[in-house]
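Participant: One structure, pasted below without further comment.
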Amino acid sequence: MLFGSWDDPATVVRALLGGALAVATVILGLVWFVTGALDRHLAELLGVLWVFWVVFHDTLNLVVRPLGRMFTSVAYGDAPPAFTIDEETAYLERLLDSPAADRHRKVLTAVRLAEIYRTHQGDGGRADRLLAEMRARYPDARELDAARSRP
């Protein structure tokens with residue numbers, strides 16, 4: 001379908017404005033062809049229709065639809081899909097190995113990874129090895145002190 005689903009009110013308005021624009025353009029062209037001069041009132045109508053088209057389109061796409069999505073997500077709790085713990089672990093391991101990550105991000109990533117290793121994977125030894133490696137690499141990182149193994 002040229003305009004989309006007729007169930008959407010925006011599609012109906014777009015079709016009406018588009019149809020009016022097409023008709024006004026054809027009439028303006030015919031009047032100009034027959035008389036050799038542009039009808040000022042018809043040209044103004046065409047300009048106003050174009051303004052309505054652009055304002056409607058921009059207002060709809062830049063204001064109304066984003067606000068509608070935001071209010072819908074707040075009202076119905078449609079949050080983006082969450083990471084699984086395995087996906088988060090893989091992401092954090094890649095981030096830790098990334099040369100582009102700065103010191104602060106790597107330290108915080110190591111703390112989170114150690115927590116995942118200890119609590120979700122039950123591998124306290126792996127967590128301790130990761131933290132020891134990070135302490136050797138960044139001896140002044142106080143964030144690593146909070147991630148020490150708990151007895």
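Numbering starts fresh at 1 for the residues of each chain in the structure tokens, the chains themselves are lettered A, B, ... in the order given, and ligands are numbered from 1 as they appear.
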Quick one: residues within 7 Å of Leu46 of chain A, only C-alpha atoms, excluding same-chain residues fewer than 3 positions away - as a ChimeraX atom specification?
Facilitator: /A:21,24-25,42-43,49-50
Participant: Quick one: everything within 12 Å of Arg137 of chain A, counting only C-alpha atoms, minus sequence neighbours fewer than 5 positions away in the same chain. Send it as a PDB file with N, CA and C atoms, in the first residue's frame.
Facilitator:
ATOM      1  N   ARG A 103      41.950   2.962  32.189  1.00  0.00           N
ATOM      2  CA  ARG A 103      42.289   2.318  33.450  1.00  0.00           C
ATOM      3  C   ARG A 103      41.067   2.178  34.361  1.00  0.00           C
ATOM      4  N   LYS A 106      38.636  -0.443  33.179  1.00  0.00           N
ATOM      5  CA  LYS A 106      39.151  -1.803  33.350  1.00  0.00           C
ATOM      6  C   LYS A 106      39.086  -2.250  34.808  1.00  0.00           C
ATOM      7  N   VAL A 107      39.375  -1.344  35.724  1.00  0.00           N
ATOM      8  CA  VAL A 107      39.319  -1.696  37.146  1.00  0.00           C
ATOM      9  C   VAL A 107      37.881  -2.021  37.549  1.00  0.00           C
ATOM     10  N   ALA A 110      36.850  -5.321  36.129  1.00  0.00           N
ATOM     11  CA  ALA A 110      37.433  -6.440  36.871  1.00  0.00           C
ATOM     12  C   ALA A 110      36.672  -6.701  38.165  1.00  0.00           C
ATOM     13  N   LEU A 130      41.925 -12.921  39.086  1.00  0.00           N
ATOM     14  CA  LEU A 130      41.655 -11.715  38.291  1.00  0.00           C
ATOM     15  C   LEU A 130      41.978 -10.468  39.097  1.00  0.00           C
ATOM     16  N   LEU A 131      41.541 -10.434  40.344  1.00  0.00           N
ATOM     17  CA  LEU A 131      41.799  -9.253  41.181  1.00  0.00           C
ATOM     18  C   LEU A 131      43.287  -9.102  41.473  1.00  0.00           C
ATOM     19  N   ALA A 132      43.996 -10.218  41.678  1.00  0.00           N
ATOM     20  CA  ALA A 132      45.446 -10.141  41.919  1.00  0.00           C
ATOM     21  C   ALA A 132      46.165  -9.608  40.680  1.00  0.00           C
ATOM     22  N   LEU A 144      39.743  -1.854  43.937  1.00  0.00           N
ATOM     23  CA  LEU A 144      39.993  -3.295  44.044  1.00  0.00           C
ATOM     24  C   LEU A 144      39.950  -3.779  45.496  1.00  0.00           C
TER      25      LEU A 144
END
Participant: Among segment 71-101 of chain A, which residues does DSSP mark as helix (DSSP H, G or I) when it is run on the backbone? Keep the chain and numbering as in the structure and answer as a PyMOL selection string.
Facilitator: chain A and resi 71-76+85-97
Participant: Which value, in Å to one decimal, gives the distance between atom CA of Glu88 of chain A and atom CA of Arg112 of chain A?
Facilitator: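 Separating atom CA of Glu88 of chain A from atom CA of Arg112 of chain A is a distance of 9.8 Å.
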Participant: Compile the contact shell of Ala114 of chain A as a list in words: residues with an atom at most 8 Å away, counting only C-alpha atoms, same-chain residues fewer than 3 positions apart removed.
Facilitator: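 Here the qualifying residues turn out to be Ala110, Val111, Tyr117, Arg118, Gly124, Arg126, Ala127, Asp128, Leu130, Leu131 and Ala147 of chain A.
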Participant: Okay, now the selection with N, CA and C atoms, as a JSON list (two decimals), in the first residue's frame?
Facilitator:
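In the end it all went to out33.json:
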[["chain", "number", "residue", "atom", "x", "y", "z"],
["A", 110, "ALA", "N", 36.85, -5.32, 36.13],
["A", 110, "ALA", "CA", 37.43, -6.44, 36.87],
["A", 110, "ALA", "C", 36.67, -6.70, 38.16],
["A", 111, "VAL", "N", 36.25, -5.64, 38.84],
["A", 111, "VAL", "CA", 35.48, -5.81, 40.08],
["A", 111, "VAL", "C", 34.17, -6.53, 39.78],
["A", 117, "TYR", "N", 32.18, -14.08, 38.81],
["A", 117, "TYR", "CA", 32.88, -15.35, 38.97],
["A", 117, "TYR", "C", 32.58, -15.96, 40.33],
["A", 118, "ARG", "N", 32.59, -15.12, 41.37],
["A", 118, "ARG", "CA", 32.41, -15.61, 42.73],
["A", 118, "ARG", "C", 30.95, -16.02, 42.99],
["A", 124, "GLY", "N", 35.60, -18.83, 43.18],
["A", 124, "GLY", "CA", 36.31, -17.81, 43.95],
["A", 124, "GLY", "C", 37.77, -17.70, 43.57],
["A", 126, "ARG", "N", 39.12, -18.10, 40.58],
["A", 126, "ARG", "CA", 39.22, -17.31, 39.36],
["A", 126, "ARG", "C", 39.05, -15.83, 39.67],
["A", 127, "ALA", "N", 38.11, -15.52, 40.55],
["A", 127, "ALA", "CA", 37.89, -14.13, 40.94],
["A", 127, "ALA", "C", 39.13, -13.56, 41.62],
["A", 128, "ASP", "N", 39.73, -14.34, 42.53],
["A", 128, "ASP", "CA", 40.93, -13.88, 43.24],
["A", 128, "ASP", "C", 42.11, -13.69, 42.29],
["A", 130, "LEU", "N", 41.93, -12.92, 39.09],
["A", 130, "LEU", "CA", 41.66, -11.72, 38.29],
["A", 130, "LEU", "C", 41.98, -10.47, 39.10],
["A", 131, "LEU", "N", 41.54, -10.43, 40.34],
["A", 131, "LEU", "CA", 41.80, -9.25, 41.18],
["A", 131, "LEU", "C", 43.29, -9.10, 41.47],
["A", 147, "ALA", "N", 36.67, -5.26, 46.51],
["A", 147, "ALA", "CA", 36.30, -6.53, 45.86],
["A", 147, "ALA", "C", 37.04, -7.73, 46.44]]
Participant: For segment 61-78 of chain A, please output as a ChimeraX atom specification all residues within 12 Å (counting only C-alpha atoms; exclusion window: fewer than 6 positions along the same chain).
Facilitator: /A:10,54-55
